[in-house]
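Comments concern the structure below.
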Amino acid sequence: MNDDGNRWVRVSRGFYLVGIGTFLLLTTQNLLPAMFWADAAAYWPVLLLAIGIRLVFERSPFPWLVLLGPILVLGTLMYVALHSGDAETEGDWTVLRLERPADASAWTLEGRLALAGFDVESKRLPRNLLAEGRATEAGRHSVRVETAAGGRVRVTNSVWRNAFIVLPGRRRARCELGVAAGLPVALDLDLAFTATRLNLPATPVSRLAIDGAFNDLGLRLGAPASDVRLDLDGAFNQLEIEVPAGTPVRVTTDGVFNVVDRGGAAGGADGAPGYRLALDGVFNRVLVRTR
């Protein structure tokens, strides 16, 4: 590659860094909708076009044309930013219902979801039900519920049963699930590009682990009887935790560019049972509120 080609390739890389960094900044500052990157993922073939443009022009007599690549990518992101939220989310609803084993004293809810909306709420259910809800019909992206041994229930919209793979599409999956109030639950969630709301003030949460990126997470919890560990691993997640007044939320962080905002919430009485949040990753924001 000649010197002109090298120079224009460096300029194009600079455009990518400045442009994508700007969109990431707008997302972390809540100036773009939470699902912006989920909507942008549906346009992934644009990346192939940008790569093709570079391969064609970086050694040509017109190396400056490699700038068409970042212009195309960043222009697509601008288009998505202006139309984010327009993706189809509603469709026919299917009923989800899980029977409760007679000897159940606790259970585990696993979530393997991407490009989806996921709402979980404490509800008074008939004694024979563990959970009840509904999910939109979204073709191969539809949410399904699978039961496994050991009191484990998996909610997923993965294309393949044995691997967590979700392909972008115009229609976004959505699931609303009511879980039995009073029955302890552990949550193990792998999430990407989701808007997730866990409204569980009447359901004892024994453990919560969230792993993923680009998620907008809302967590409303009750007062625990003993300390409960919460783990958040990943990048570019926003988590809002709401707990009863006087319930401590102790946060430890490992990583860079993570922000914890207590929003004026008090730490709770010394020795009172509370939640221990371990935050591991980069560019995550946690907001703690009390009610």
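The way I read the labels, and the way they are meant: chains A, B, ... in the order of the structure tokens, residue 1 as the first residue of every chain, and ligand 1 as the first ligand shown, with later ones counted on from there.
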
Could you name the residues that touch Val18 in chain A at 12 Å or less, counting only C-alpha atoms, but leaving out those on the same chain fewer than 6 positions away, as a list in words?
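Once the nearby chain positions are removed, what remains is Val11, Ser12, Leu24, Leu25, Pro70, Ile71 and Leu74 of chain A.
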
Would you mind listing what lies within 8 Å of Leu200 in chain A as a ChimeraX atom specification, with only C-alpha atoms counted and same-chain residues fewer than 5 positions away left out?
/A:120-122,205,219-222

Output as a PDB file with C-alpha atoms, in the first residue's frame all residues of range 50-275 of chain A that backbone DSSP marks as strand (DSSP E).
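Below you can see part.pdb, which holds the result:
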```pdb
ATOM      1  CA  TRP A  93     -49.480 -13.312  22.228  1.00  0.00           C
ATOM      2  CA  THR A  94     -48.909 -16.879  23.342  1.00  0.00           C
ATOM      3  CA  VAL A  95     -49.640 -18.033  26.890  1.00  0.00           C
ATOM      4  CA  LEU A  96     -46.825 -19.221  29.144  1.00  0.00           C
ATOM      5  CA  ARG A  97     -47.711 -21.360  32.172  1.00  0.00           C
ATOM      6  CA  LEU A  98     -45.503 -23.418  34.474  1.00  0.00           C
ATOM      7  CA  GLU A  99     -46.788 -25.981  36.947  1.00  0.00           C
ATOM      8  CA  TRP A 107     -36.378 -22.431  42.249  1.00  0.00           C
ATOM      9  CA  THR A 108     -34.015 -20.848  39.693  1.00  0.00           C
ATOM     10  CA  LEU A 109     -35.028 -18.687  36.744  1.00  0.00           C
ATOM     11  CA  GLU A 110     -32.502 -18.627  33.908  1.00  0.00           C
ATOM     12  CA  GLY A 111     -32.777 -15.997  31.191  1.00  0.00           C
ATOM     13  CA  ARG A 112     -30.962 -16.342  27.864  1.00  0.00           C
ATOM     14  CA  LEU A 113     -32.325 -13.384  25.908  1.00  0.00           C
ATOM     15  CA  ALA A 114     -31.129 -10.886  23.327  1.00  0.00           C
ATOM     16  CA  ALA A 116     -35.885  -8.514  23.579  1.00  0.00           C
ATOM     17  CA  GLY A 117     -38.085  -6.972  26.235  1.00  0.00           C
ATOM     18  CA  PHE A 118     -38.362  -9.002  29.445  1.00  0.00           C
ATOM     19  CA  ASP A 119     -40.647  -8.199  32.395  1.00  0.00           C
ATOM     20  CA  VAL A 120     -40.833 -10.319  35.552  1.00  0.00           C
ATOM     21  CA  GLU A 121     -43.251  -9.437  38.353  1.00  0.00           C
ATOM     22  CA  SER A 122     -44.304 -10.894  41.704  1.00  0.00           C
ATOM     23  CA  LYS A 123     -47.914 -12.096  41.567  1.00  0.00           C
ATOM     24  CA  LEU A 129     -48.520 -22.561  39.398  1.00  0.00           C
ATOM     25  CA  LEU A 130     -44.893 -21.503  39.560  1.00  0.00           C
ATOM     26  CA  ALA A 131     -45.133 -18.832  36.870  1.00  0.00           C
ATOM     27  CA  GLU A 132     -47.652 -17.530  34.382  1.00  0.00           C
ATOM     28  CA  GLY A 133     -47.402 -14.978  31.598  1.00  0.00           C
ATOM     29  CA  ARG A 134     -47.302 -14.383  27.888  1.00  0.00           C
ATOM     30  CA  ALA A 135     -44.875 -13.797  25.030  1.00  0.00           C
ATOM     31  CA  THR A 136     -45.234 -12.246  21.606  1.00  0.00           C
ATOM     32  CA  ARG A 144     -40.005 -20.020  24.890  1.00  0.00           C
ATOM     33  CA  VAL A 145     -39.903 -21.557  28.361  1.00  0.00           C
ATOM     34  CA  GLU A 146     -38.010 -24.751  29.117  1.00  0.00           C
ATOM     35  CA  THR A 147     -37.924 -26.690  32.380  1.00  0.00           C
ATOM     36  CA  ALA A 148     -34.949 -28.673  33.609  1.00  0.00           C
ATOM     37  CA  ARG A 152     -34.522 -24.717  37.017  1.00  0.00           C
ATOM     38  CA  VAL A 153     -36.611 -22.876  34.438  1.00  0.00           C
ATOM     39  CA  ARG A 154     -35.085 -21.285  31.336  1.00  0.00           C
ATOM     40  CA  VAL A 155     -36.632 -18.425  29.368  1.00  0.00           C
ATOM     41  CA  THR A 156     -34.881 -17.953  26.027  1.00  0.00           C
ATOM     42  CA  ALA A 173     -39.335 -10.528  21.102  1.00  0.00           C
ATOM     43  CA  ARG A 174     -41.181  -9.630  24.293  1.00  0.00           C
ATOM     44  CA  CYS A 175     -42.028 -11.656  27.385  1.00  0.00           C
ATOM     45  CA  GLU A 176     -44.105 -10.789  30.461  1.00  0.00           C
ATOM     46  CA  LEU A 177     -43.880 -13.302  33.286  1.00  0.00           C
ATOM     47  CA  GLY A 178     -45.580 -13.335  36.675  1.00  0.00           C
ATOM     48  CA  VAL A 179     -43.827 -15.442  39.327  1.00  0.00           C
ATOM     49  CA  ALA A 180     -45.228 -16.807  42.580  1.00  0.00           C
ATOM     50  CA  VAL A 185     -36.010 -17.543  43.500  1.00  0.00           C
ATOM     51  CA  ALA A 186     -32.454 -17.276  42.200  1.00  0.00           C
ATOM     52  CA  LEU A 187     -31.945 -15.476  38.890  1.00  0.00           C
ATOM     53  CA  ASP A 188     -29.206 -16.283  36.395  1.00  0.00           C
ATOM     54  CA  LEU A 189     -29.483 -13.984  33.386  1.00  0.00           C
ATOM     55  CA  ASP A 190     -27.424 -13.759  30.186  1.00  0.00           C
ATOM     56  CA  LEU A 191     -28.722 -10.697  28.351  1.00  0.00           C
ATOM     57  CA  ALA A 192     -27.772  -8.553  25.372  1.00  0.00           C
ATOM     58  CA  ALA A 195     -34.922  -3.816  28.242  1.00  0.00           C
ATOM     59  CA  THR A 196     -35.458  -5.902  31.387  1.00  0.00           C
ATOM     60  CA  ARG A 197     -37.677  -5.087  34.364  1.00  0.00           C
ATOM     61  CA  LEU A 198     -37.598  -7.292  37.481  1.00  0.00           C
ATOM     62  CA  ASN A 199     -40.369  -6.132  39.816  1.00  0.00           C
ATOM     63  CA  LEU A 200     -39.997  -8.543  42.747  1.00  0.00           C
ATOM     64  CA  VAL A 205     -34.493 -13.172  45.744  1.00  0.00           C
ATOM     65  CA  SER A 206     -31.775 -15.498  47.054  1.00  0.00           C
ATOM     66  CA  ARG A 207     -29.203 -14.712  44.346  1.00  0.00           C
ATOM     67  CA  LEU A 208     -28.963 -12.627  41.173  1.00  0.00           C
ATOM     68  CA  ALA A 209     -26.311 -12.862  38.446  1.00  0.00           C
ATOM     69  CA  ILE A 210     -26.513 -10.750  35.281  1.00  0.00           C
ATOM     70  CA  ASP A 211     -23.994 -11.098  32.454  1.00  0.00           C
ATOM     71  CA  GLY A 212     -24.160  -9.152  29.212  1.00  0.00           C
ATOM     72  CA  ALA A 213     -23.891  -5.837  27.394  1.00  0.00           C
ATOM     73  CA  ASP A 216     -31.347  -1.339  30.291  1.00  0.00           C
ATOM     74  CA  LEU A 217     -32.135  -3.043  33.607  1.00  0.00           C
ATOM     75  CA  GLY A 218     -34.645  -2.165  36.294  1.00  0.00           C
ATOM     76  CA  LEU A 219     -34.620  -4.092  39.579  1.00  0.00           C
ATOM     77  CA  ARG A 220     -37.233  -3.536  42.305  1.00  0.00           C
ATOM     78  CA  LEU A 221     -36.614  -5.665  45.395  1.00  0.00           C
ATOM     79  CA  VAL A 228     -28.111 -11.261  49.156  1.00  0.00           C
ATOM     80  CA  ARG A 229     -25.373 -11.152  46.534  1.00  0.00           C
ATOM     81  CA  LEU A 230     -25.979  -9.431  43.205  1.00  0.00           C
ATOM     82  CA  ASP A 231     -23.430  -9.760  40.384  1.00  0.00           C
ATOM     83  CA  LEU A 232     -23.356  -7.591  37.260  1.00  0.00           C
ATOM     84  CA  ASP A 233     -20.691  -8.476  34.673  1.00  0.00           C
ATOM     85  CA  GLY A 234     -20.390  -6.838  31.270  1.00  0.00           C
ATOM     86  CA  ALA A 235     -20.247  -3.509  29.494  1.00  0.00           C
ATOM     87  CA  GLN A 238     -27.528   0.623  32.949  1.00  0.00           C
ATOM     88  CA  LEU A 239     -28.976  -0.812  36.156  1.00  0.00           C
ATOM     89  CA  GLU A 240     -31.479   0.923  38.422  1.00  0.00           C
ATOM     90  CA  ILE A 241     -32.028  -0.751  41.813  1.00  0.00           C
ATOM     91  CA  GLU A 242     -34.939   0.231  44.040  1.00  0.00           C
ATOM     92  CA  VAL A 243     -35.142  -1.104  47.603  1.00  0.00           C
ATOM     93  CA  VAL A 249     -27.035  -1.687  49.100  1.00  0.00           C
ATOM     94  CA  ARG A 250     -23.271  -2.144  49.254  1.00  0.00           C
ATOM     95  CA  VAL A 251     -21.493  -1.787  45.914  1.00  0.00           C
ATOM     96  CA  THR A 252     -17.974  -2.886  44.961  1.00  0.00           C
ATOM     97  CA  THR A 253     -16.564  -2.235  41.498  1.00  0.00           C
ATOM     98  CA  ASP A 254     -13.849  -3.850  39.423  1.00  0.00           C
ATOM     99  CA  GLY A 255     -13.120  -2.299  36.048  1.00  0.00           C
ATOM    100  CA  VAL A 256     -12.947   1.149  34.509  1.00  0.00           C
ATOM    101  CA  VAL A 259     -20.432   4.916  37.694  1.00  0.00           C
ATOM    102  CA  VAL A 260     -22.441   4.332  40.879  1.00  0.00           C
ATOM    103  CA  ASP A 261     -25.082   6.946  41.730  1.00  0.00           C
ATOM    104  CA  TYR A 275     -27.806  -6.423  49.042  1.00  0.00           C
TER     105      TYR A 275
END
```

Out of A:Ile51, A:Val46, A:Leu17, A:Ala181, which residue has the shortest atom-to-atom distance to Gly75 in chain A when counting only C-alpha atoms?
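That would be A:Val46, the residue with the smallest distance to Gly75 in chain A.
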
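Across A:Gly14, A:Pro33, A:Pro61, A:Gly69, the tightest approach to Leu47 in chain A is made by A:Gly69 when counting only C-alpha atoms.
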
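Between CA of Ala102 in chain A and CA of Asn128 in chain A lies a distance of 7.6 Å.
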
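Coordinates place CA of Asn258 in chain A at a distance of 4.8 Å from CA of Asn284 in chain A.
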
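What separates CA of Trp37 in chain A from CA of Ile53 in chain A is a distance of 23.3 Å.
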
Contacts of Leu82 in chain A at 12 Å (only C-alpha atoms; same-chain gap of 5+ positions) as number ranges by chain:
A: 31-33, 36, 39-40, 75-77

Selection from above, N, CA, C and O atoms, as a PDB file, in the first residue's frame, can you write it?
```pdb
ATOM      1  N   LEU A  31     -29.205   9.988  26.135  1.00  0.00           N
ATOM      2  CA  LEU A  31     -29.693  10.865  25.082  1.00  0.00           C
ATOM      3  C   LEU A  31     -30.169  10.074  23.871  1.00  0.00           C
ATOM      4  O   LEU A  31     -30.759  10.644  22.949  1.00  0.00           O
ATOM      5  N   LEU A  32     -29.892   8.785  23.873  1.00  0.00           N
ATOM      6  CA  LEU A  32     -30.440   7.866  22.874  1.00  0.00           C
ATOM      7  C   LEU A  32     -31.233   6.795  23.595  1.00  0.00           C
ATOM      8  O   LEU A  32     -30.909   6.448  24.741  1.00  0.00           O
ATOM      9  N   PRO A  33     -32.276   6.234  22.953  1.00  0.00           N
ATOM     10  CA  PRO A  33     -33.073   5.198  23.607  1.00  0.00           C
ATOM     11  C   PRO A  33     -32.235   3.993  23.994  1.00  0.00           C
ATOM     12  O   PRO A  33     -31.197   3.697  23.377  1.00  0.00           O
ATOM     13  N   PHE A  36     -31.235   1.468  21.296  1.00  0.00           N
ATOM     14  CA  PHE A  36     -30.585   1.964  20.082  1.00  0.00           C
ATOM     15  C   PHE A  36     -29.678   0.922  19.447  1.00  0.00           C
ATOM     16  O   PHE A  36     -29.744   0.652  18.247  1.00  0.00           O
ATOM     17  N   ASP A  39     -31.503  -1.968  17.811  1.00  0.00           N
ATOM     18  CA  ASP A  39     -32.019  -1.616  16.491  1.00  0.00           C
ATOM     19  C   ASP A  39     -30.893  -1.551  15.462  1.00  0.00           C
ATOM     20  O   ASP A  39     -31.046  -1.977  14.314  1.00  0.00           O
ATOM     21  N   ALA A  40     -29.716  -1.030  15.888  1.00  0.00           N
ATOM     22  CA  ALA A  40     -28.590  -0.919  14.965  1.00  0.00           C
ATOM     23  C   ALA A  40     -28.073  -2.288  14.534  1.00  0.00           C
ATOM     24  O   ALA A  40     -27.578  -2.449  13.410  1.00  0.00           O
ATOM     25  N   GLY A  75     -23.511   7.001   8.915  1.00  0.00           N
ATOM     26  CA  GLY A  75     -24.800   7.460   8.395  1.00  0.00           C
ATOM     27  C   GLY A  75     -25.918   6.503   8.755  1.00  0.00           C
ATOM     28  O   GLY A  75     -27.041   6.924   9.075  1.00  0.00           O
ATOM     29  N   THR A  76     -25.619   5.196   8.734  1.00  0.00           N
ATOM     30  CA  THR A  76     -26.618   4.204   9.145  1.00  0.00           C
ATOM     31  C   THR A  76     -26.957   4.354  10.615  1.00  0.00           C
ATOM     32  O   THR A  76     -28.127   4.296  11.011  1.00  0.00           O
ATOM     33  N   LEU A  77     -25.935   4.573  11.451  1.00  0.00           N
ATOM     34  CA  LEU A  77     -26.197   4.778  12.877  1.00  0.00           C
ATOM     35  C   LEU A  77     -27.028   6.035  13.108  1.00  0.00           C
ATOM     36  O   LEU A  77     -27.901   6.060  13.977  1.00  0.00           O
TER      37      LEU A  77
END
```
